[in-house]
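Listing of data-v4.pdb, PDB, C-alpha atoms, pLDDT in the B column
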```pdb
ATOM      1  CA  MET A  58      60.642   6.743 -41.575  1.00 67.00           C
ATOM      2  CA  ARG A  59      57.418   8.475 -42.512  1.00 71.00           C
ATOM      3  CA  PHE A  60      56.321   9.731 -45.871  1.00 70.00           C
ATOM      4  CA  SER A  61      53.152  11.172 -47.254  1.00 74.00           C
ATOM      5  CA  VAL A  62      51.703  10.890 -50.692  1.00 74.00           C
ATOM      6  CA  ALA A  63      49.247  13.239 -52.352  1.00 83.00           C
ATOM      7  CA  MET A  64      46.623  11.183 -54.113  1.00 82.00           C
ATOM      8  CA  PRO A  65      43.544  12.144 -56.135  1.00 89.00           C
ATOM      9  CA  GLU A  66      40.333  11.494 -54.172  1.00 88.00           C
ATOM     10  CA  ASP A  67      38.946   8.907 -56.623  1.00 90.00           C
ATOM     11  CA  LEU A  68      42.212   6.932 -56.508  1.00 89.00           C
ATOM     12  CA  LEU A  69      42.232   7.064 -52.702  1.00 85.00           C
ATOM     13  CA  VAL A  70      38.640   5.753 -52.591  1.00 87.00           C
ATOM     14  CA  ARG A  71      39.583   2.818 -54.854  1.00 90.00           C
ATOM     15  CA  PHE A  72      42.706   2.162 -52.778  1.00 84.00           C
ATOM     16  CA  ASP A  73      40.639   2.098 -49.580  1.00 85.00           C
ATOM     17  CA  GLN A  74      38.353  -0.453 -51.232  1.00 87.00           C
ATOM     18  CA  LEU A  75      41.421  -2.581 -51.963  1.00 84.00           C
ATOM     19  CA  VAL A  76      42.521  -2.239 -48.322  1.00 85.00           C
ATOM     20  CA  ALA A  77      39.055  -3.360 -47.180  1.00 87.00           C
ATOM     21  CA  ARG A  78      39.152  -6.424 -49.462  1.00 86.00           C
ATOM     22  CA  ARG A  79      42.519  -7.437 -48.011  1.00 80.00           C
ATOM     23  CA  GLY A  80      40.936  -8.014 -44.600  1.00 79.00           C
ATOM     24  CA  LEU A  81      40.520  -6.654 -41.111  1.00 69.00           C
ATOM     25  CA  ALA A  82      44.189  -6.963 -40.209  1.00 71.00           C
ATOM     26  CA  LYS A  83      45.247  -4.703 -43.088  1.00 78.00           C
ATOM     27  CA  ASN A  84      45.546  -0.946 -43.147  1.00 83.00           C
ATOM     28  CA  ARG A  85      46.837   1.445 -45.795  1.00 81.00           C
ATOM     29  CA  SER A  86      50.451   1.182 -44.651  1.00 83.00           C
ATOM     30  CA  GLU A  87      50.430  -2.608 -44.674  1.00 85.00           C
ATOM     31  CA  VAL A  88      48.869  -2.759 -48.134  1.00 83.00           C
ATOM     32  CA  ILE A  89      51.449  -0.274 -49.440  1.00 84.00           C
ATOM     33  CA  ARG A  90      54.229  -2.466 -47.977  1.00 86.00           C
ATOM     34  CA  ASP A  91      52.648  -5.522 -49.673  1.00 84.00           C
ATOM     35  CA  LEU A  92      52.517  -3.722 -53.019  1.00 85.00           C
ATOM     36  CA  VAL A  93      56.135  -2.586 -52.715  1.00 88.00           C
ATOM     37  CA  ARG A  94      57.236  -6.149 -51.826  1.00 86.00           C
ATOM     38  CA  ASP A  95      55.293  -7.505 -54.826  1.00 84.00           C
ATOM     39  CA  ALA A  96      57.017  -5.008 -57.136  1.00 89.00           C
ATOM     40  CA  LEU A  97      60.460  -5.895 -55.726  1.00 86.00           C
ATOM     41  CA  VAL A  98      59.794  -9.631 -56.117  1.00 85.00           C
ATOM     42  CA  GLU A  99      58.670  -9.073 -59.713  1.00 85.00           C
ATOM     43  CA  GLU A 100      61.829  -7.071 -60.385  1.00 86.00           C
ATOM     44  CA  GLY A 101      63.917  -9.738 -58.665  1.00 84.00           C
ATOM     45  CA  CYS A 102      62.429 -12.439 -60.885  1.00 84.00           C
ATOM     46  CA  ALA A 103      63.468 -10.436 -63.946  1.00 84.00           C
ATOM     47  CA  THR A 104      67.099 -10.300 -62.798  1.00 83.00           C
ATOM     48  CA  PRO A 105      69.303 -12.699 -64.807  1.00 83.00           C
ATOM     49  CA  GLY A 106      70.628 -15.602 -62.772  1.00 85.00           C
ATOM     50  CA  VAL A 107      68.276 -15.205 -59.817  1.00 87.00           C
ATOM     51  CA  LEU A 108      66.867 -18.410 -58.313  1.00 92.00           C
ATOM     52  CA  VAL A 109      63.078 -18.495 -58.577  1.00 94.00           C
ATOM     53  CA  MET A 110      60.169 -20.770 -57.852  1.00 95.00           C
ATOM     54  CA  GLY A 111      57.490 -20.992 -60.501  1.00 96.00           C
ATOM     55  CA  VAL A 112      53.988 -22.400 -60.440  1.00 98.00           C
ATOM     56  CA  LEU A 113      52.808 -23.380 -63.906  1.00 98.00           C
ATOM     57  CA  THR A 114      49.109 -24.143 -64.280  1.00 98.00           C
ATOM     58  CA  ILE A 115      47.930 -25.707 -67.541  1.00 98.00           C
ATOM     59  CA  VAL A 116      44.607 -26.947 -68.876  1.00 98.00           C
ATOM     60  CA  PHE A 117      44.517 -29.547 -71.627  1.00 96.00           C
ATOM     61  CA  ASN A 118      42.419 -32.216 -73.292  1.00 93.00           C
ATOM     62  CA  HIS A 119      43.938 -35.529 -72.272  1.00 87.00           C
ATOM     63  CA  HIS A 120      42.613 -37.144 -75.474  1.00 87.00           C
ATOM     64  CA  ALA A 121      44.850 -34.955 -77.661  1.00 87.00           C
ATOM     65  CA  ASN A 122      47.356 -36.978 -79.694  1.00 87.00           C
ATOM     66  CA  ASP A 123      50.242 -38.081 -77.472  1.00 92.00           C
ATOM     67  CA  LEU A 124      49.922 -34.902 -75.400  1.00 94.00           C
ATOM     68  CA  GLN A 125      50.389 -36.545 -72.020  1.00 92.00           C
ATOM     69  CA  GLU A 126      53.440 -38.388 -73.333  1.00 94.00           C
ATOM     70  CA  LYS A 127      54.893 -35.115 -74.656  1.00 95.00           C
ATOM     71  CA  LEU A 128      54.248 -33.358 -71.326  1.00 95.00           C
ATOM     72  CA  HIS A 129      55.824 -36.225 -69.395  1.00 95.00           C
ATOM     73  CA  THR A 130      58.868 -36.180 -71.682  1.00 96.00           C
ATOM     74  CA  ILE A 131      59.427 -32.465 -71.081  1.00 97.00           C
ATOM     75  CA  GLN A 132      59.025 -32.935 -67.326  1.00 96.00           C
ATOM     76  CA  HIS A 133      61.465 -35.880 -67.310  1.00 97.00           C
ATOM     77  CA  ASP A 134      63.963 -33.908 -69.408  1.00 97.00           C
ATOM     78  CA  TYR A 135      63.937 -31.205 -66.697  1.00 97.00           C
ATOM     79  CA  PHE A 136      63.260 -33.395 -63.653  1.00 96.00           C
ATOM     80  CA  GLU A 137      65.913 -31.645 -61.555  1.00 97.00           C
ATOM     81  CA  HIS A 138      63.945 -28.403 -61.894  1.00 97.00           C
ATOM     82  CA  ILE A 139      60.498 -29.842 -61.229  1.00 97.00           C
ATOM     83  CA  THR A 140      59.670 -30.008 -57.537  1.00 96.00           C
ATOM     84  CA  CYS A 141      56.252 -31.627 -57.964  1.00 96.00           C
ATOM     85  CA  ALA A 142      53.252 -31.894 -60.243  1.00 96.00           C
ATOM     86  CA  THR A 143      49.582 -32.354 -59.436  1.00 97.00           C
ATOM     87  CA  HIS A 144      47.099 -33.663 -61.975  1.00 95.00           C
ATOM     88  CA  VAL A 145      43.372 -32.949 -61.616  1.00 96.00           C
ATOM     89  CA  HIS A 146      40.531 -34.331 -63.759  1.00 96.00           C
ATOM     90  CA  LEU A 147      38.108 -31.487 -64.492  1.00 96.00           C
ATOM     91  CA  ASP A 148      35.695 -33.553 -66.575  1.00 95.00           C
ATOM     92  CA  GLN A 149      35.757 -36.555 -68.941  1.00 94.00           C
ATOM     93  CA  HIS A 150      38.079 -34.801 -71.376  1.00 93.00           C
ATOM     94  CA  THR A 151      39.783 -31.933 -69.608  1.00 96.00           C
ATOM     95  CA  CYS A 152      42.626 -31.993 -67.107  1.00 96.00           C
ATOM     96  CA  LEU A 153      44.396 -29.339 -65.086  1.00 97.00           C
ATOM     97  CA  GLU A 154      48.008 -29.772 -64.082  1.00 97.00           C
ATOM     98  CA  VAL A 155      49.973 -27.685 -61.611  1.00 98.00           C
ATOM     99  CA  ILE A 156      53.745 -27.974 -61.954  1.00 98.00           C
ATOM    100  CA  VAL A 157      56.110 -26.427 -59.403  1.00 98.00           C
ATOM    101  CA  LEU A 158      59.442 -25.419 -60.938  1.00 97.00           C
ATOM    102  CA  ARG A 159      62.718 -24.261 -59.411  1.00 96.00           C
ATOM    103  CA  GLY A 160      65.793 -22.777 -61.036  1.00 94.00           C
ATOM    104  CA  GLU A 161      67.203 -19.657 -62.628  1.00 93.00           C
ATOM    105  CA  ALA A 162      64.478 -17.384 -63.938  1.00 92.00           C
ATOM    106  CA  GLU A 163      65.369 -17.807 -67.606  1.00 93.00           C
ATOM    107  CA  LEU A 164      65.413 -21.601 -67.335  1.00 95.00           C
ATOM    108  CA  VAL A 165      62.104 -21.793 -65.469  1.00 96.00           C
ATOM    109  CA  GLN A 166      60.510 -19.475 -68.061  1.00 95.00           C
ATOM    110  CA  GLY A 167      61.973 -21.624 -70.844  1.00 96.00           C
ATOM    111  CA  ILE A 168      60.562 -24.852 -69.396  1.00 98.00           C
ATOM    112  CA  ALA A 169      57.172 -23.187 -68.974  1.00 98.00           C
ATOM    113  CA  ASN A 170      57.275 -21.971 -72.580  1.00 97.00           C
ATOM    114  CA  LEU A 171      58.042 -25.502 -73.812  1.00 97.00           C
ATOM    115  CA  ILE A 172      55.040 -26.859 -71.934  1.00 97.00           C
ATOM    116  CA  LEU A 173      52.710 -23.985 -72.840  1.00 97.00           C
ATOM    117  CA  GLY A 174      53.742 -24.262 -76.496  1.00 96.00           C
ATOM    118  CA  THR A 175      52.996 -27.981 -76.699  1.00 95.00           C
ATOM    119  CA  LYS A 176      50.176 -28.647 -79.155  1.00 93.00           C
ATOM    120  CA  GLY A 177      47.052 -29.567 -77.206  1.00 93.00           C
ATOM    121  CA  VAL A 178      47.679 -27.356 -74.174  1.00 96.00           C
ATOM    122  CA  LYS A 179      44.576 -25.138 -74.170  1.00 96.00           C
ATOM    123  CA  ASN A 180      45.864 -22.458 -71.819  1.00 97.00           C
ATOM    124  CA  GLY A 181      48.145 -21.877 -68.904  1.00 97.00           C
ATOM    125  CA  ARG A 182      49.924 -19.378 -66.770  1.00 97.00           C
ATOM    126  CA  LEU A 183      53.284 -19.165 -65.013  1.00 97.00           C
ATOM    127  CA  SER A 184      53.568 -17.351 -61.705  1.00 95.00           C
ATOM    128  CA  LEU A 185      57.103 -16.597 -60.505  1.00 95.00           C
ATOM    129  CA  THR A 186      58.432 -15.654 -57.104  1.00 93.00           C
ATOM    130  CA  THR A 187      61.892 -15.355 -55.646  1.00 88.00           C
ATOM    131  CA  THR A 188      63.005 -17.821 -53.021  1.00 81.00           C
ATOM    132  CA  GLY A 189      63.547 -14.873 -50.676  1.00 70.00           C
ATOM    133  CA  GLN A 190      67.107 -15.903 -49.935  1.00 66.00           C
ATOM    134  CA  GLY A 191      68.985 -12.768 -48.987  1.00 52.00           C
ATOM    135  CA  ALA A 192      66.187 -10.435 -50.011  1.00 53.00           C
ATOM    136  CA  PRO A 193      65.469  -7.927 -47.226  1.00 52.00           C
ATOM    137  CA  TRP A 194      62.032  -7.003 -48.623  1.00 47.00           C
ATOM    138  CA  THR A 195      60.746 -10.540 -47.935  1.00 49.00           C
ATOM    139  CA  GLN A 196      61.024  -9.980 -44.189  1.00 51.00           C
ATOM    140  CA  ARG A 197      57.722  -9.178 -42.475  1.00 50.00           C
TER     141      ARG A 197
END
```
Give the structure from the file, written as structure tokens.
Amino acid sequence: MRFSVAMPEDLLVRFDQLVARRGLAKNRSEVIRDLVRDALVEEGCATPGVLVMGVLTIVFNHHANDLQEKLHTIQHDYFEHITCATHVHLDQHTCLEVIVLRGEAELVQGIANLILGTKGVKNGRLSLTTTGQGAPWTQR
């Protein structure tokens, strides 16, 4: 199936720059397919009940009052949804933790919110993706 899209010249120039940044093996069609897949995965993650994988990255001061104990408690309370966690020392006071979560989208978001809302967590971000089970757009 072929389709064409009329695009303003300045937008096309910026899109071609994006294509170039994606590497030698990419062309416009492949980048468009990637963008469509990304949009479908994002929509899939917003569907109630869908199984997702989440990567939660947090930065915190490990000297904050009982923070590590609070983070460990949350992770132990939801151990069946935590695939793994990696702890990295950034400097004498600051740590980065990457926590891989699995479960229904609402639950994974809820666990992430508990962790992100814990006093002493400086910042963090949750990235969600579907598991790809039964999703035709995940096929390459």
Query raised in the report: On this structure, which residues satisfy the PyMOL selection byres ((chain A and resi 145-162) around 6), written as a PyMOL selection string?
Result: chain A and resi 106-119+138-144+163-165
Include C-alpha atoms and write out the residues we just selected as a PDB file, keeping the file's coordinate frame.
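The result, written out as selection02.pdb:
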```pdb
ATOM      1  CA  GLY A 106      70.628 -15.602 -62.772  1.00 85.00           C
ATOM      2  CA  VAL A 107      68.276 -15.205 -59.817  1.00 87.00           C
ATOM      3  CA  LEU A 108      66.867 -18.410 -58.313  1.00 92.00           C
ATOM      4  CA  VAL A 109      63.078 -18.495 -58.577  1.00 94.00           C
ATOM      5  CA  MET A 110      60.169 -20.770 -57.852  1.00 95.00           C
ATOM      6  CA  GLY A 111      57.490 -20.992 -60.501  1.00 96.00           C
ATOM      7  CA  VAL A 112      53.988 -22.400 -60.440  1.00 98.00           C
ATOM      8  CA  LEU A 113      52.808 -23.380 -63.906  1.00 98.00           C
ATOM      9  CA  THR A 114      49.109 -24.143 -64.280  1.00 98.00           C
ATOM     10  CA  ILE A 115      47.930 -25.707 -67.541  1.00 98.00           C
ATOM     11  CA  VAL A 116      44.607 -26.947 -68.876  1.00 98.00           C
ATOM     12  CA  PHE A 117      44.517 -29.547 -71.627  1.00 96.00           C
ATOM     13  CA  ASN A 118      42.419 -32.216 -73.292  1.00 93.00           C
ATOM     14  CA  HIS A 119      43.938 -35.529 -72.272  1.00 87.00           C
ATOM     15  CA  HIS A 138      63.945 -28.403 -61.894  1.00 97.00           C
ATOM     16  CA  ILE A 139      60.498 -29.842 -61.229  1.00 97.00           C
ATOM     17  CA  THR A 140      59.670 -30.008 -57.537  1.00 96.00           C
ATOM     18  CA  CYS A 141      56.252 -31.627 -57.964  1.00 96.00           C
ATOM     19  CA  ALA A 142      53.252 -31.894 -60.243  1.00 96.00           C
ATOM     20  CA  THR A 143      49.582 -32.354 -59.436  1.00 97.00           C
ATOM     21  CA  HIS A 144      47.099 -33.663 -61.975  1.00 95.00           C
ATOM     22  CA  GLU A 163      65.369 -17.807 -67.606  1.00 93.00           C
ATOM     23  CA  LEU A 164      65.413 -21.601 -67.335  1.00 95.00           C
ATOM     24  CA  VAL A 165      62.104 -21.793 -65.469  1.00 96.00           C
TER      25      VAL A 165
END
```
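Take the candidates A:Glu66, A:Pro105, A:Glu87, A:Ile168 and check each one against Asp134 in chain A using all atoms listed in the file; the shortest distance goes to A:Ile168.
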Query raised in the report: With only C-alpha atoms as the basis for distance, which of A:Gly101, A:Ile131, A:Ser184, A:Phe136 is at the shortest distance from Ile172 in chain A?
Result: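 Once distances to Ile172 in chain A are computed over only C-alpha atoms, the minimum belongs to A:Ile131.
Residue nearest Val76 in chain A within the list A:Asp91, A:Glu126, A:Glu99, A:Glu137: A:Asp91 [criterion: smallest interatomic distance, all atoms listed in the file].
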Report task. Evaluate the PyMOL selection byres ((chain A and resi 98) around 10) here and jot the selected residues down as a list in words. Result -> Leu92, Val93, Arg94, Asp95, Ala96, Leu97, Glu99, Glu100, Gly101, Cys102, Ala103, Thr104, Val109, Leu185, Thr186, Thr187, Thr188, Gly189, Ala192, Trp194 and Thr195 of chain A
Report task. Could you check which of A:Leu183, A:Val88, A:Val62, A:Ala169 is closest to Gln74 in chain A, using all atoms listed in the file? Result ->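 The answer is A:Val88, which sits nearest to Gln74 in chain A.
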Requested in this report: May I have the residues within 10 Å of Lys127 in chain A as a list of chain:residue names, using all atoms listed in the file and disregarding those fewer than 5 positions away in the same chain?
Outcome: A:Asn122, A:Gln132, A:His133, A:Ile172, A:Thr175, A:Lys176, A:Gly177
Report task. Quote the spacing between CA of Gln166 in chain A and CA of Arg182 in chain A in Å to one decimal place. Result -> 10.7 Å
Complete range 85-100 of chain A at the level of N, CA and C atoms, written as a tab-separated table (two decimals), in the frame of the given file.
```tsv
chain	number	residue	atom	x	y	z
A	85	ARG	N	46.19	0.87	-44.62
A	85	ARG	CA	46.84	1.44	-45.80
A	85	ARG	C	48.34	1.16	-45.82
A	86	SER	N	48.99	1.36	-44.70
A	86	SER	CA	50.45	1.18	-44.65
A	86	SER	C	50.85	-0.25	-44.97
A	87	GLU	N	50.11	-1.20	-44.42
A	87	GLU	CA	50.43	-2.61	-44.67
A	87	GLU	C	50.20	-2.97	-46.13
A	88	VAL	N	49.14	-2.47	-46.73
A	88	VAL	CA	48.87	-2.76	-48.13
A	88	VAL	C	49.94	-2.12	-49.02
A	89	ILE	N	50.37	-0.91	-48.68
A	89	ILE	CA	51.45	-0.27	-49.44
A	89	ILE	C	52.72	-1.12	-49.33
A	90	ARG	N	53.05	-1.60	-48.14
A	90	ARG	CA	54.23	-2.47	-47.98
A	90	ARG	C	54.09	-3.72	-48.83
A	91	ASP	N	52.89	-4.33	-48.85
A	91	ASP	CA	52.65	-5.52	-49.67
A	91	ASP	C	52.87	-5.23	-51.15
A	92	LEU	N	52.37	-4.09	-51.62
A	92	LEU	CA	52.52	-3.72	-53.02
A	92	LEU	C	53.98	-3.47	-53.38
A	93	VAL	N	54.71	-2.83	-52.48
A	93	VAL	CA	56.14	-2.59	-52.72
A	93	VAL	C	56.88	-3.92	-52.77
A	94	ARG	N	56.60	-4.82	-51.81
A	94	ARG	CA	57.24	-6.15	-51.83
A	94	ARG	C	56.94	-6.88	-53.13
A	95	ASP	N	55.67	-6.85	-53.57
A	95	ASP	CA	55.29	-7.50	-54.83
A	95	ASP	C	56.10	-6.95	-56.00
A	96	ALA	N	56.26	-5.63	-56.05
A	96	ALA	CA	57.02	-5.01	-57.14
A	96	ALA	C	58.49	-5.42	-57.08
A	97	LEU	N	59.06	-5.50	-55.87
A	97	LEU	CA	60.46	-5.90	-55.73
A	97	LEU	C	60.66	-7.36	-56.09
A	98	VAL	N	59.70	-8.21	-55.74
A	98	VAL	CA	59.79	-9.63	-56.12
A	98	VAL	C	59.71	-9.76	-57.63
A	99	GLU	N	58.79	-9.03	-58.25
A	99	GLU	CA	58.67	-9.07	-59.71
A	99	GLU	C	59.97	-8.62	-60.37
A	100	GLU	N	60.55	-7.55	-59.85
A	100	GLU	CA	61.83	-7.07	-60.38
A	100	GLU	C	62.92	-8.11	-60.15
```
